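The structure appears below as structure tokens.
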2 protein chains.
Amino acid sequence: MAATKTLQPNQMNFAFEDKSADAENSVMDEPVVKKSRQKTSKNTVTAETMAAKQRDISVSEFFAKNRHLLGFDNPRKALLTAIKEAVDNSLDACEEARILPDITVTIKQLTEKKFTVIVRDNGPGIISKQVPNVFARLLYGSKFHSLKMSRGQQGIGISAAGMYGLLTTGEPVQIISRIDKNKKAYHCHVQIDTSKNKPMVTLDEDCDFELPTGTQVTITLEGKYQKGKQSVDDYLAQTAMANPHITLIYNAPDGQVYEYIRQTKELPFTPVEIKPHPYGVELGLLFKMARESTAKHLTAFLQQDFSRVSSKVGDEICKKASLSKNLKPANMSLKEAEALHNAINETKIMAPPVNCIGPIGESELEKGLKRVVEAEFYAVCTRKPDVYRGNPFLIEAAIAYGFKSEQNADDPDKLPQLELKRFANRVPLLYQQSACAIHKAVVETNWRNYNLSQSRGALPMGPIVLMIHMASVWVPFTSESKEAIAHYPEIIKEIKLAIQECGRQLGMHLRKQKRIKLEMAKRGYIETYLPYIGEALQEILTLKDEQVNTILTRLKEVLEKTRQI
Amino acid sequence: MAATKTLQPNQMNFAFEDKSADAENSVMDEPVVKKSRQKTSKNTVTAETMAAKQRDISVSEFFAKNRHLLGFDNPRKALLTAIKEAVDNSLDACEEARILPDITVTIKQLTEKKFTVIVRDNGPGIISKQVPNVFARLLYGSKFHSLKMSRGQQGIGISAAGMYGLLTTGEPVQIISRIDKNKKAYHCHVQIDTSKNKPMVTLDEDCDFELPTGTQVTITLEGKYQKGKQSVDDYLAQTAMANPHITLIYNAPDGQVYEYIRQTKELPFTPVEIKPHPYGVELGLLFKMARESTAKHLTAFLQQDFSRVSSKVGDEICKKASLSKNLKPANMSLKEAEALHNAINETKIMAPPVNCIGPIGESELEKGLKRVVEAEFYAVCTRKPDVYRGNPFLIEAAIAYGFKSEQNADDPDKLPQLELKRFANRVPLLYQQSACAIHKAVVETNWRNYNLSQSRGALPMGPIVLMIHMASVWVPFTSESKEAIAHYPEIIKEIKLAIQECGRQLGMHLRKQKRIKLEMAKRGYIETYLPYIGEALQEILTLKDEQVNTILTRLKEVLEKTRQI
């Protein structure tokens, strides 16, 4: 313990700090380095002194220091991410309670760099006891432990937005929530205690609220408002595109008001929670699930904790694993679990249920796209669900061709590049496009088959908007900020198939267009040269004008008939 | 509470589960969707029922489900990541205790997909009480809370490797550690309890160990061994390249043994821990630090908790903020903190100390590169330290030109693409090259200036290996798997400057080479045509053979002199 005392981390810092202040830039200076080495060898570092410095890191401290992992890289992106997290939560809550969502987003600019964001919904509200945890505690939520299609899935987003606000402005998150039209709303100010990852409530009262039920969250943060690609405006427009059942009012900081009015009163498909499919479970996890199971028999465990295991399939697995049906899962050994794991993967088990996920739907997709892009041709495709790593998912694609692009406003002859709009569980993905499975599938598709020009490894050229949507009980994002989908081969394959289906229709359209153009040109030739042919025939055969006219009419008919469009 | 009871999550699942089993693929089927909607409206979802499902997510559960975030995407990468985390920890421990590292890495293949990885070091060892926490608890360690140059910085790596092993094989992590040559070693088996993020010790005993002090960790995991780019072999070779002071023995699973023997007995620079620079601290964090400070006066707080604040600078900040020097930091209001924050950013404060980070060094870099690449030309550059977001960092670059590349073995005339080797605090980065600030800096450099061909937005062509090293007290990685450096403008700028310095030398070399080639060709012409000139002169001037010879010798001398290389 004596050693530990002489090496209090703080004291150490002080000694070094004083040195370092004198020795700016001395890093390239051999003698100084040697001096510092001698110093260290006096204060010997041993296992004990090192142990004294080991300690817990709270998950909030971790993400506060690494906030770029959550999408708070810079002020502009931070503003977008905060709004995105709040809107995602609002939509999830409304849909779960089967309420048609009315969302209001308001951004107020306080100073050059300071903004207040207010997001209000007409959802079911949040009970007062849970409000602090939901808004000021990372890794807390209802969605992580269930396999169910929803926008949020991590229990990080909105608390991270509040933490970023606190970090950059010192202001707490303000929440008003009302769960009963016969009662007052609950109003609270809460901030995250990052060293403990626990909420601290600084205000707590009843108040009025203009809606019968709903939640309003207010976050003050350092941000930057800028229109254009990857902007809040862009994100909200795309959200309206993929969610025709919502009404969205957006009060931009420059005073403009955008109203996206509900296009359909049909609530989207109700997602269903499912249990994991046996194929997607690894040995260690299977072992853990068995040890923690309260089931009395092995077959009961398999049937209860997994999807698609009937009593017949359960029996078959036990037999293949040479394990007794009556084995108590909690007493299972690792060796037995290994046998069970192998047996599962050798048994034919039905694919997981797919009615747990729902598409936007072809007609809704086309409506959504038309709301944003006015084009000459549309094609839409919703694929049947498929499975990756035991998780059901489905892919949808929609193409709009032949719109006026802003890209080529300066030079109308220059072809613009395809504009890709990516969505996961109806949420627009705005960043990290080239890291996304969707992008990979698009550039690996041979667009020349559909009469478009394309450089190798690049998006094709043309006035095209391509919208791809992935719906799943668990979207495999490449980072916590949920900006790109990981490269699972099954997912990429399905995206390609959806693109191909739209692409073929587009190709047909473009070929037809080309044919029409060609035909028009040919008809032009016929019209131009027919009189000369007439004159020649008249001369050669010495015909009357009338006869010539009859012949020319017949000739024109015949020529055009063989070239029907 | 009645509502909550009728909606037990499990019961709900069961009801839905039975339905879903009958209704495979029914997702596109409107009527069924409607049925499920009716069902839900019976089991009304309200704020109360939703609250019942809210709960904590342990950080291990989070990362187990999202293990691709930590580098465990697939079996091949998982094998590499596990070894990388163990080796990083070993090197950090040895260097902190000022021990020249001797590392042994052994991989044994158990079955087609199952491997055992053993990493042994001669470091100071780990005290037995800490072993379970270090190896089976995420977000636990000594490096996160300090600003100090080291390989590890998150307290996740090795526990994540153990967790992945447990998840895929059910096997615990095995550790032997000895901290005193006069005592026995400590041997334990430990596994992470993912639902609590706590270690569970399953074996705990004394044992023998062949080294006086050191640690050996054994992890059994699902993996795939494959040579080539991004392989374990590649990673260990690059580690030897950037760490000439280590001895590394590698027993590959195919029976081959690689020995990288120590090239220098000089231990690298001893990193020094620093305190944060005032410029890098955001308002919210400043406020929190003040409230938690034990300092009695504002100036004391500024001087103690930050680097580069002298008593004079502290006074100046207080004055600018219109705050009393005697204000007790713990009583500070948010408004006062805001004034302080603004004052800090208006005050000129010296850049942070830079003797806290150390380069590999130009001569060591060249040695390291020569150990791996035999080339005709080398250039090396170590830049002076700079600062991003308050954190000191420095960049080094090394170029090897004109080696035999394996890329163009088939077609020796085809130019290979530049091979980029990235390092952060001496650790090779093998994945996500195109997402890395280093890659961005390389492709944005105009290599045509240095006589190399380069397509826009691509790496240049040529038989070149380029090695870039970033050293910092905090490397801003784009993900927890620490594969790519985030795009901070200050960092990209420094990398470009380092590349340019090497590039200029390379350009000079290539121009000189070109000139020599040209000159050689010209001399060839002189040699070829001189005799004819002699004959012509002899004929015109009627000279004797002797005279002709003298003239030709003079002529050759003159011609060559004017074309000196």
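Ligands are numbered from 1 in the order shown, residues from 1 within each chain, and chains are lettered A, B, ... in the order they appear in the structure tokens.
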Checklist entry - Could you pull out the strand (DSSP E or B) residues of stretch 331-445 of chain B from DSSP and send them as number ranges by chain? => result B: 377-382, 386-388, 391-401, 417, 419-424, 427-429
Next on the checklist: Only residues of chain B matter here; which ones have an atom within 6 Å of chain A, counting only C-alpha atoms? Give them as a ChimeraX atom specification.
Outcome noted: /B:20,24-27,45-47,53-57,97,124-127,139-142,166-170,282-285,353-355
Checklist entry - So which residues of stretch 86-189 of chain A fall under helix (DSSP H, G or I) by DSSP, listed as a PyMOL selection string? => result chain A and resi 86-96+131-135+157-169
Would you output that residue set with C-alpha atoms, as an mmCIF file, in the first residue's frame?
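Wrote again38.cif, looks like this:
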data_model
loop_
_atom_site.group_PDB
_atom_site.id
_atom_site.type_symbol
_atom_site.label_atom_id
_atom_site.label_comp_id
_atom_site.auth_asym_id
_atom_site.auth_seq_id
_atom_site.Cartn_x
_atom_site.Cartn_y
_atom_site.Cartn_z
ATOM 1 C CA ALA A 86 -37.037 12.598 -30.926
ATOM 2 C CA VAL A 87 -39.169 12.075 -34.059
ATOM 3 C CA ASP A 88 -38.322 8.349 -34.224
ATOM 4 C CA ASN A 89 -39.460 7.936 -30.621
ATOM 5 C CA SER A 90 -42.664 9.899 -31.209
ATOM 6 C CA LEU A 91 -43.609 7.841 -34.261
ATOM 7 C CA ASP A 92 -42.838 4.550 -32.522
ATOM 8 C CA ALA A 93 -44.961 5.525 -29.514
ATOM 9 C CA CYS A 94 -47.947 6.664 -31.614
ATOM 10 C CA GLU A 95 -47.903 3.553 -33.777
ATOM 11 C CA GLU A 96 -47.523 1.201 -30.846
ATOM 12 C CA VAL A 131 -39.767 10.015 -17.835
ATOM 13 C CA PRO A 132 -36.331 10.581 -16.215
ATOM 14 C CA ASN A 133 -35.076 7.135 -17.253
ATOM 15 C CA VAL A 134 -36.301 7.433 -20.813
ATOM 16 C CA PHE A 135 -34.713 10.853 -21.366
ATOM 17 C CA GLY A 157 -30.828 7.874 -28.922
ATOM 18 C CA ILE A 158 -32.904 10.458 -27.096
ATOM 19 C CA SER A 159 -30.822 10.301 -23.893
ATOM 20 C CA ALA A 160 -27.696 10.807 -25.976
ATOM 21 C CA ALA A 161 -29.293 13.892 -27.566
ATOM 22 C CA GLY A 162 -30.063 15.240 -24.088
ATOM 23 C CA MET A 163 -26.534 14.447 -22.940
ATOM 24 C CA TYR A 164 -25.057 16.287 -25.922
ATOM 25 C CA GLY A 165 -27.268 19.285 -25.126
ATOM 26 C CA LEU A 166 -26.128 19.238 -21.499
ATOM 27 C CA LEU A 167 -22.492 18.865 -22.539
ATOM 28 C CA THR A 168 -22.561 21.777 -24.955
ATOM 29 C CA THR A 169 -24.938 24.226 -23.253
#
Item to check | Of the listed residues A:Ala397, A:Val117, A:Cys188, A:Leu340, that which approaches A:Ala321 most closely, counting only C-alpha atoms | outcome: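 Looking at the shortest contact to A:Ala321, the residue is A:Leu340.
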Next on the checklist: Would you pick out the contacts of A:Arg120 at 6 Å or less, using only C-alpha atoms, so that residues sharing its chain but fewer than 5 positions from it are not included, and give the list as a VMD selection string?
Outcome noted: chain A and resid 103 to 104 215 to 216
Checklist entry - Could you name the residues that touch A:Val548 at 10 Å or less, counting only C-alpha atoms, but leaving out those on the same chain fewer than 5 positions away, as a PyMOL selection string? => result chain A and resi 531+533-538+541-543+553-554
Item to check | Neighbour list for stretch 246-258 of chain B as an NGL selection string, cut-off 6 Å, only C-alpha atoms, skip fewer than 3 positions in-chain | outcome: :B and (101-109 or 243 or 261-262)
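Picture a line from atom CA of A:Glu494 to atom CA of A:Leu394; it runs 7.8 Å.
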Checklist entry - At what distance in Å, to one decimal, does atom CA of B:Ala78 lie from atom CA of A:Ala424? => result 26.8 Å
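Comparing the minimum interatomic distances between B:Glu366 and each of B:Asn345, B:Asn425, B:Thr445, B:Gln263, counting only C-alpha atoms, we find that B:Gln263 sits nearest.
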